[in-house]
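The data block below is protein.cif; it holds mmCIF, C-alpha atoms and all ligand atoms.
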data_final
#
loop_
_atom_site.label_atom_id
_atom_site.label_comp_id
_atom_site.auth_asym_id
_atom_site.auth_seq_id
_atom_site.Cartn_x
_atom_site.Cartn_y
_atom_site.Cartn_z
CA MET A 1 -88.60 -203.34 13.33
CA PRO A 2 -89.43 -203.32 17.05
CA ALA A 3 -87.32 -201.06 19.25
CA ASN A 4 -87.00 -203.56 22.14
CA LEU A 5 -86.20 -200.88 24.71
CA THR A 6 -84.88 -201.94 28.10
CA PRO A 7 -86.36 -201.07 31.53
CA GLN A 8 -83.21 -198.94 32.18
CA TYR A 9 -83.97 -196.95 29.07
CA TYR A 10 -87.55 -196.31 30.20
CA ALA A 11 -86.25 -195.22 33.60
CA ALA A 12 -83.90 -192.71 31.97
CA GLU A 13 -86.75 -191.44 29.78
CA GLU A 14 -88.89 -191.00 32.89
CA ASN A 15 -86.05 -188.94 34.43
CA TYR A 16 -85.99 -186.78 31.31
CA LYS A 17 -89.71 -186.11 31.54
CA ARG A 18 -89.43 -185.18 35.20
CA ALA A 19 -86.33 -183.03 34.86
CA ALA A 20 -86.99 -179.51 36.14
CA ASN A 21 -83.90 -177.81 34.74
CA PRO A 22 -81.72 -177.97 31.62
CA GLU A 23 -78.85 -179.69 33.48
CA ASP A 24 -81.03 -182.60 34.61
CA LYS A 25 -82.61 -182.82 31.18
CA MET A 26 -79.20 -183.03 29.56
CA LYS A 27 -78.06 -185.73 31.99
CA ALA A 28 -81.14 -187.86 31.29
CA LEU A 29 -80.86 -187.44 27.51
CA GLN A 30 -77.19 -188.43 27.54
CA GLU A 31 -78.03 -191.52 29.59
CA MET A 32 -80.85 -192.43 27.20
CA LEU A 33 -78.46 -192.15 24.26
CA ALA A 34 -75.81 -194.23 26.04
CA ILE A 35 -78.09 -197.15 26.93
CA ILE A 36 -80.44 -197.25 24.00
CA PRO A 37 -79.99 -200.53 22.09
CA LYS A 38 -78.11 -199.67 18.92
CA HIS A 39 -79.87 -201.27 15.95
CA LYS A 40 -81.94 -200.28 12.94
CA GLY A 41 -85.18 -200.30 14.94
CA THR A 42 -84.02 -197.47 17.26
CA GLU A 43 -82.35 -195.26 14.63
CA ARG A 44 -85.14 -192.71 14.55
CA LEU A 45 -85.31 -192.56 18.30
CA GLN A 46 -81.52 -192.08 18.51
CA GLY A 47 -81.85 -189.21 16.02
CA ASP A 48 -84.56 -187.60 18.15
CA ILE A 49 -82.45 -187.77 21.30
CA LYS A 50 -79.46 -186.23 19.49
CA LYS A 51 -81.66 -183.41 18.22
CA LYS A 52 -82.94 -182.70 21.74
CA ILE A 53 -79.37 -182.61 23.08
CA ALA A 54 -78.31 -180.20 20.31
CA ARG A 55 -81.28 -177.93 21.03
CA LEU A 56 -80.53 -177.87 24.76
CA LYS A 57 -76.90 -176.96 24.07
CA GLU A 58 -78.01 -174.17 21.75
CA ASP A 59 -80.43 -172.79 24.38
CA GLY A 60 -77.66 -172.84 26.98
CA LYS A 61 -75.37 -170.89 24.69
CA LYS A 62 -78.03 -168.26 24.01
CA LYS A 63 -78.72 -167.83 27.71
CA LYS A 64 -75.03 -167.38 28.41
CA GLN A 65 -74.76 -164.76 25.68
CA ALA A 66 -77.76 -162.91 27.06
CA LYS A 67 -76.16 -162.88 30.52
CA SER A 68 -72.73 -161.66 29.49
CA GLY A 69 -73.90 -159.77 26.45
CA PHE A 70 -75.06 -156.32 25.61
CA ASN A 71 -77.09 -154.49 28.24
CA PRO A 72 -78.88 -151.53 26.63
CA PHE A 73 -79.11 -149.81 30.03
CA GLY A 74 -75.40 -150.16 30.74
CA VAL A 75 -73.31 -147.06 30.18
CA GLU A 76 -69.56 -147.46 30.16
CA LYS A 77 -67.90 -144.95 32.48
CA GLN A 78 -65.77 -142.24 31.01
CA GLY A 79 -64.15 -139.05 32.23
CA ALA A 80 -63.83 -137.79 35.78
CA GLY A 81 -67.19 -139.09 36.97
CA GLN A 82 -70.57 -140.28 35.79
CA VAL A 83 -73.72 -138.32 36.64
CA VAL A 84 -77.04 -139.89 35.67
CA LEU A 85 -80.25 -137.88 35.31
CA ALA A 86 -83.57 -139.12 36.64
CA GLY A 87 -86.97 -137.58 36.15
CA TYR A 88 -90.57 -137.78 35.06
CA PRO A 89 -91.50 -137.83 31.38
CA ASN A 90 -91.04 -134.48 29.62
CA SER A 91 -89.25 -132.86 32.56
CA GLY A 92 -86.38 -131.55 30.46
CA LYS A 93 -83.66 -134.17 31.04
CA SER A 94 -82.63 -134.54 27.40
CA SER A 95 -82.59 -130.76 26.96
CA LEU A 96 -80.17 -130.41 29.86
CA VAL A 97 -77.83 -133.11 28.60
CA GLY A 98 -78.05 -131.61 25.12
CA ILE A 99 -77.01 -128.16 26.32
CA LEU A 100 -74.24 -129.28 28.65
CA THR A 101 -72.68 -131.87 26.32
CA ARG A 102 -72.51 -132.55 22.61
CA ALA A 103 -74.55 -135.73 22.93
CA LYS A 104 -77.16 -136.31 20.26
CA VAL A 105 -80.20 -136.42 22.49
CA LYS A 106 -83.81 -136.45 21.40
CA ILE A 107 -85.80 -133.48 22.67
CA ALA A 108 -89.54 -133.48 22.10
CA ASP A 109 -92.68 -131.82 23.40
CA TYR A 110 -94.25 -135.21 24.05
CA PRO A 111 -93.41 -137.57 26.93
CA PHE A 112 -91.33 -140.78 26.67
CA SER A 113 -89.23 -139.41 23.83
CA THR A 114 -86.05 -140.92 25.30
CA ALA A 115 -86.06 -144.73 25.16
CA LEU A 116 -82.56 -145.69 26.34
CA PRO A 117 -79.68 -144.00 28.17
CA VAL A 118 -77.52 -141.67 26.09
CA SER A 119 -74.30 -140.24 27.46
CA GLY A 120 -72.29 -137.14 26.66
CA MET A 121 -69.20 -135.48 28.06
CA MET A 122 -69.50 -132.12 29.78
CA PRO A 123 -66.27 -130.12 29.79
CA TYR A 124 -65.38 -128.80 33.22
CA LYS A 125 -62.11 -126.96 33.77
CA ASP A 126 -59.51 -129.25 32.24
CA THR A 127 -61.53 -132.44 32.56
CA PHE A 128 -64.80 -133.98 31.44
CA ILE A 129 -67.78 -135.14 33.45
CA GLN A 130 -70.02 -137.75 31.88
CA LEU A 131 -73.74 -136.94 31.87
CA VAL A 132 -76.25 -139.68 31.15
CA ASP A 133 -79.70 -138.88 29.79
CA THR A 134 -82.21 -141.59 30.64
CA PRO A 135 -85.70 -142.67 29.69
CA PRO A 136 -88.30 -141.24 32.06
CA LEU A 137 -89.20 -142.86 35.33
CA ALA A 138 -92.81 -143.86 35.04
CA LEU A 139 -93.56 -144.87 38.57
CA ASP A 140 -95.97 -147.64 37.76
CA ASN A 141 -93.39 -149.39 35.60
CA VAL A 142 -89.75 -148.86 36.47
CA PRO A 143 -87.45 -150.96 34.27
CA SER A 144 -84.95 -152.80 36.46
CA GLY A 145 -82.27 -152.01 33.88
CA LEU A 146 -82.79 -148.33 34.56
CA ILE A 147 -82.43 -148.84 38.32
CA GLY A 148 -79.15 -150.56 37.44
CA THR A 149 -78.03 -147.49 35.49
CA PHE A 150 -78.73 -145.29 38.53
CA LYS A 151 -76.92 -147.59 40.94
CA GLU A 152 -73.82 -147.71 38.77
CA ALA A 153 -73.59 -143.90 38.66
CA ASP A 154 -71.18 -141.81 40.71
CA ALA A 155 -73.94 -139.27 41.35
CA LEU A 156 -77.53 -138.53 40.39
CA LEU A 157 -79.35 -135.48 39.15
CA ILE A 158 -83.01 -135.63 40.07
CA VAL A 159 -84.87 -133.40 37.62
CA ILE A 160 -88.26 -131.94 38.46
CA ASP A 161 -90.30 -129.78 36.13
CA ALA A 162 -90.87 -126.35 37.70
CA SER A 163 -93.29 -125.31 34.96
CA THR A 164 -95.99 -127.53 36.38
CA ALA A 165 -97.71 -127.60 39.76
CA GLU A 166 -97.00 -131.32 39.67
CA CYS A 167 -93.36 -130.66 40.53
CA LEU A 168 -94.04 -131.38 44.19
CA GLU A 169 -95.60 -134.69 43.28
CA GLN A 170 -92.63 -135.39 41.03
CA LEU A 171 -90.16 -134.74 43.82
CA GLU A 172 -92.03 -136.98 46.24
CA GLY A 173 -92.58 -139.67 43.62
CA LEU A 174 -88.97 -139.75 42.50
CA THR A 175 -87.39 -139.69 45.94
CA THR A 176 -89.81 -142.37 47.13
CA VAL A 177 -89.16 -144.77 44.29
CA LEU A 178 -85.40 -144.18 44.38
CA GLN A 179 -85.38 -144.86 48.10
CA GLU A 180 -87.53 -147.96 47.76
CA ARG A 181 -85.18 -149.34 45.13
CA GLU A 182 -82.21 -148.46 47.39
CA VAL A 183 -80.63 -146.04 44.95
CA ILE A 184 -80.59 -143.05 47.32
CA ASP A 185 -81.26 -142.40 50.97
CA LEU A 186 -82.89 -139.25 52.24
CA SER A 187 -83.71 -138.39 55.81
CA GLU A 188 -87.04 -136.75 56.58
CA ASP A 189 -85.64 -133.22 56.60
CA GLY A 190 -84.09 -133.67 53.19
CA PHE A 191 -80.49 -134.45 54.07
CA ILE A 192 -78.62 -136.98 52.01
CA ILE A 193 -77.32 -139.90 54.02
CA ALA A 194 -75.96 -142.40 51.49
CA PRO A 195 -75.22 -144.35 49.35
CA LEU A 196 -75.33 -142.17 46.24
CA PRO A 197 -74.84 -138.39 46.19
CA PHE A 198 -77.52 -136.50 44.31
CA ILE A 199 -78.87 -133.04 43.73
CA ILE A 200 -82.34 -131.87 42.87
CA VAL A 201 -82.62 -129.72 39.80
CA ALA A 202 -85.74 -127.68 39.08
CA SER A 203 -85.92 -127.31 35.30
CA LYS A 204 -87.79 -124.84 33.08
CA VAL A 205 -87.55 -121.99 35.61
CA ASP A 206 -88.07 -119.53 32.73
CA HIS A 207 -91.74 -120.60 32.72
CA PRO A 208 -94.14 -117.96 34.13
CA ASP A 209 -95.56 -120.37 36.76
CA ALA A 210 -92.18 -121.67 37.91
CA ALA A 211 -91.57 -119.23 40.78
CA GLU A 212 -94.93 -119.93 42.37
CA ASN A 213 -94.62 -123.70 41.95
CA LEU A 214 -91.21 -123.71 43.58
CA GLU A 215 -92.35 -121.51 46.45
CA VAL A 216 -94.92 -124.11 47.43
CA LEU A 217 -92.31 -126.82 47.16
CA ARG A 218 -89.80 -124.94 49.32
CA GLU A 219 -92.37 -124.39 52.06
CA LEU A 220 -92.82 -128.13 52.33
CA TRP A 221 -89.14 -129.06 51.99
CA PRO A 222 -87.37 -126.05 53.53
CA LYS A 223 -83.97 -127.72 53.90
CA LEU A 224 -83.78 -129.35 50.54
CA GLU A 225 -80.99 -128.12 48.33
CA MET A 226 -82.31 -127.39 44.88
CA LEU A 227 -80.75 -125.79 41.83
CA GLU A 228 -82.87 -123.81 39.39
CA VAL A 229 -82.05 -124.16 35.71
CA SER A 230 -83.52 -123.50 32.31
CA ASN A 231 -82.59 -124.22 28.72
CA ASN A 232 -81.97 -120.51 28.13
CA GLY A 233 -78.80 -120.89 30.19
CA ARG A 234 -80.04 -119.91 33.61
CA GLY A 235 -78.31 -121.72 36.47
CA LEU A 236 -76.19 -123.87 34.20
CA GLU A 237 -72.79 -122.56 35.31
CA ASN A 238 -73.79 -123.09 38.91
CA LEU A 239 -74.96 -126.60 38.06
CA ARG A 240 -71.62 -127.46 36.45
CA VAL A 241 -69.75 -126.33 39.54
CA ARG A 242 -72.07 -128.29 41.83
CA LEU A 243 -71.75 -131.42 39.72
CA TYR A 244 -67.99 -131.32 40.05
CA LYS A 245 -68.20 -130.77 43.81
CA MET A 246 -70.71 -133.57 44.19
CA LEU A 247 -68.34 -136.06 42.59
CA ASN A 248 -65.90 -135.47 45.43
CA ILE A 249 -62.84 -135.67 43.25
CA ILE A 250 -59.55 -133.88 42.92
CA ARG A 251 -57.37 -133.29 39.85
CA ILE A 252 -53.69 -134.02 40.31
CA TYR A 253 -50.92 -133.22 37.84
CA GLY A 254 -47.88 -135.43 37.57
CA LYS A 255 -44.36 -134.09 37.17
CA VAL A 256 -41.23 -135.97 36.27
CA THR A 257 -37.94 -134.70 37.76
CA GLY A 258 -36.30 -132.12 35.54
CA LYS A 259 -39.31 -131.89 33.22
CA PRO A 260 -42.21 -129.45 33.08
CA VAL A 261 -45.49 -130.44 34.67
CA GLU A 262 -47.98 -132.44 32.57
CA LYS A 263 -50.88 -130.02 32.57
CA GLU A 264 -52.95 -131.51 29.73
CA ARG A 265 -54.28 -134.58 31.44
CA PRO A 266 -54.91 -134.50 35.17
CA PHE A 267 -55.21 -137.69 37.15
CA ILE A 268 -58.59 -137.97 38.85
CA LEU A 269 -58.62 -139.15 42.46
CA LYS A 270 -61.18 -139.30 45.24
CA LYS A 271 -61.04 -136.41 47.71
CA GLY A 272 -58.86 -137.41 50.66
CA SER A 273 -56.43 -139.39 48.48
CA THR A 274 -52.79 -139.48 49.48
CA VAL A 275 -49.51 -139.33 47.59
CA LEU A 276 -49.49 -143.13 47.83
CA ASP A 277 -52.91 -143.38 46.14
CA PHE A 278 -51.66 -141.11 43.38
CA ALA A 279 -48.56 -143.26 42.86
CA GLY A 280 -50.82 -146.31 42.46
CA GLN A 281 -52.76 -144.60 39.69
CA VAL A 282 -49.66 -143.58 37.81
CA HIS A 283 -48.25 -147.12 37.81
CA LYS A 284 -49.12 -150.30 39.66
CA ASP A 285 -45.50 -150.84 40.70
CA PHE A 286 -44.98 -147.33 42.07
CA PRO A 287 -46.57 -147.64 45.55
CA GLU A 288 -44.03 -150.26 46.52
CA LYS A 289 -41.11 -148.15 45.34
CA LEU A 290 -42.40 -144.82 46.60
CA LYS A 291 -40.27 -143.01 49.19
CA SER A 292 -41.72 -139.50 49.28
CA ALA A 293 -42.91 -136.76 46.94
CA LEU A 294 -42.50 -133.10 46.15
CA VAL A 295 -45.70 -131.08 46.09
CA TRP A 296 -46.66 -127.75 44.58
CA GLY A 297 -50.03 -126.28 45.57
CA SER A 298 -51.44 -127.37 48.90
CA SER A 299 -48.03 -127.56 50.59
CA LYS A 300 -46.60 -124.69 52.64
CA PHE A 301 -44.06 -123.89 49.96
CA ASP A 302 -43.52 -124.96 46.35
CA GLY A 303 -41.72 -128.22 45.82
CA GLN A 304 -42.02 -129.21 49.48
CA ALA A 305 -41.03 -132.78 50.31
CA VAL A 306 -43.96 -134.68 51.81
CA PRO A 307 -44.39 -138.24 53.12
CA ARG A 308 -46.37 -140.98 51.36
CA GLU A 309 -49.38 -140.39 53.62
CA TYR A 310 -49.68 -136.71 52.66
CA VAL A 311 -53.28 -135.88 51.72
CA LEU A 312 -53.48 -134.13 48.36
CA GLU A 313 -55.80 -131.34 47.30
CA ASP A 314 -57.42 -130.32 44.01
CA GLU A 315 -54.87 -129.06 41.46
CA ASP A 316 -51.78 -130.18 43.33
CA ILE A 317 -48.68 -130.91 41.26
CA VAL A 318 -46.83 -134.00 42.45
CA GLU A 319 -43.34 -135.25 41.67
CA LEU A 320 -42.96 -138.80 42.94
CA GLN A 321 -39.64 -139.75 44.53
CA LEU A 322 -39.14 -143.43 43.80
N1 LIG B 1 -89.75 -123.41 28.72
C1 LIG B 1 -88.87 -124.39 28.79
N2 LIG B 1 -89.10 -125.55 28.13
C2 LIG B 1 -88.19 -126.55 28.23
C3 LIG B 1 -87.02 -126.39 28.99
N3 LIG B 1 -86.31 -127.53 28.91
C4 LIG B 1 -87.02 -128.36 28.12
N4 LIG B 1 -88.16 -127.77 27.70
C5 LIG B 1 -89.18 -128.38 26.83
O1 LIG B 1 -89.78 -129.46 27.50
C6 LIG B 1 -90.09 -130.50 26.57
C7 LIG B 1 -89.45 -131.82 27.04
O2 LIG B 1 -88.07 -131.70 27.00
P1 LIG B 1 -87.12 -132.99 26.98
O3 LIG B 1 -85.75 -132.47 27.21
O4 LIG B 1 -87.36 -133.80 25.78
O5 LIG B 1 -87.66 -133.76 28.27
P2 LIG B 1 -87.27 -135.22 28.80
O6 LIG B 1 -87.29 -135.17 30.28
O7 LIG B 1 -86.02 -135.67 28.15
O8 LIG B 1 -88.50 -136.08 28.27
P3 LIG B 1 -88.56 -137.71 28.19
O9 LIG B 1 -87.43 -138.18 27.38
O10 LIG B 1 -89.88 -137.97 27.57
O11 LIG B 1 -88.53 -138.19 29.57
C8 LIG B 1 -89.56 -130.05 25.21
O12 LIG B 1 -90.63 -129.50 24.49
C9 LIG B 1 -88.55 -128.97 25.57
O13 LIG B 1 -88.39 -128.01 24.57
C10 LIG B 1 -86.79 -125.14 29.67
O14 LIG B 1 -85.81 -124.92 30.37
N5 LIG B 1 -87.76 -124.19 29.53
MG MG B 2 -85.69 -137.31 27.06
#
Re-express the file's structure as structure tokens.
Amino acid sequence: MPANLTPQYYAAEENYKRAANPEDKMKALQEMLAIIPKHKGTERLQGDIKKKIARLKEDGKKKKQAKSGFNPFGVEKQGAGQVVLAGYPNSGKSSLVGILTRAKVKIADYPFSTALPVSGMMPYKDTFIQLVDTPPLALDNVPSGLIGTFKEADALLIVIDASTAECLEQLEGLTTVLQEREVIDLSEDGFIIAPLPFIIVASKVDHPDAAENLEVLRELWPKLEMLEVSNNGRGLENLRVRLYKMLNIIRIYGKVTGKPVEKERPFILKKGSTVLDFAGQVHKDFPEKLKSALVWGSSKFDGQAVPREYVLEDEDIVELQL
């Protein structure tokens, strides 16, 4: 049976063929289906159009899922702050995260042993700092997902391998690529400007060549702050302290009138936060109700009444007056 298609139908089909995006394709297909003469002779054609529409819808769904779905480079933030490691293959990143946290990291004597970010919690005082081990930065092929992981971090740890004379090259390579991808900013004399705080860590300083390698590096970058660590424990306590400082946070303990202070779980706030900021973290309705607060710690005397704008310090105890 002949199909007897109309000129309007052919025009719609032409639109379908020329459509450059799924939306236009869908529009054309729906028009074709609407105007196609409905009789036995066009049944197969009608079926084809319906199939194409179904396939387009399916593709659209998949794309949406991919967009909103699982990102293997995404690491959900936990604890007082997230510090992400960055470094060349085999530089000792996984070893560091393994020692400082209980994360199940893969440590190997061959490069590229870590394929995706792995995070662990590092205890520090009465809180936890999240450390994220990452796959190595191979400069000729930097996955954009990994750059995303760095940008989301609260701070970075740039790891260079002091056991090799390449450590200078590693430092220059890493800082260059991280600057190019707008993760960090470093002035020529090695001062951090913004946007992300970071520290340089020289790993494997137990290696016999490490001292000499680092001496060369220091001559070239005299002002650069660098911590020396090794998996035998050297420098790790210092690193923990520096990580906490770098996050620029304070721990605040809440107290309810007539009750003892809640020491188990400090609230984490940015340095420079006020009593008002603290009230907002405790409950969203509190800032509006807040009149003043009593403070133990940074105040001149214990339990001193302070205004809402009072700037808190690490380890202050605060009793909100609502
Ligand atoms: N001597 C010495 N060797 C170390 C130290 N830290 C790590 N290593 C060794 O260096 C090798 C690489 O360590 P990893 O921690 O797997 O390095 P990585 O940076 O995670 O490597 P990728 O995941 O491939 O990027 C392993 O053989 C470790 O045992 C250290 O402080 N001293
Ligand atoms: Mg690794």
field: Contacts of ligand MG 2 (chain B), 10 Å or closer, all atoms listed in the file, given as an MDAnalysis selection string
entry: chainID A and resid 85:98 105:118 133:136
field: Nearest to ligand LIG 1 (chain B) by atom-to-atom distance, counting all atoms listed in the file, from A:Asp140, A:Glu219, A:Asp161, A:Glu309
entry: A:Asp161
- prompt: Quick one: residues within 10 Å of A:Glu31, all atoms listed in the file counted, chain neighbours fewer than 5 positions away excluded, as a ChimeraX atom specification?
  reply: /A:8-9,11-13,15-16,25-26,36
Output as lines of an AutoDock Vina configuration file the centre and edge lengths (Å, one decimal) of the box along x, y and z of the file that holds every listed atom of ligand LIG 1 (chain B) after adding 8 Å on each side.
center_x = -88.2
center_y = -130.8
center_z = 27.4
size_x = 20.9
size_y = 30.8
size_z = 21.9
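As for atom CA of A:Pro307 and atom CA of A:Val261, they are spaced 20.1 Å apart.
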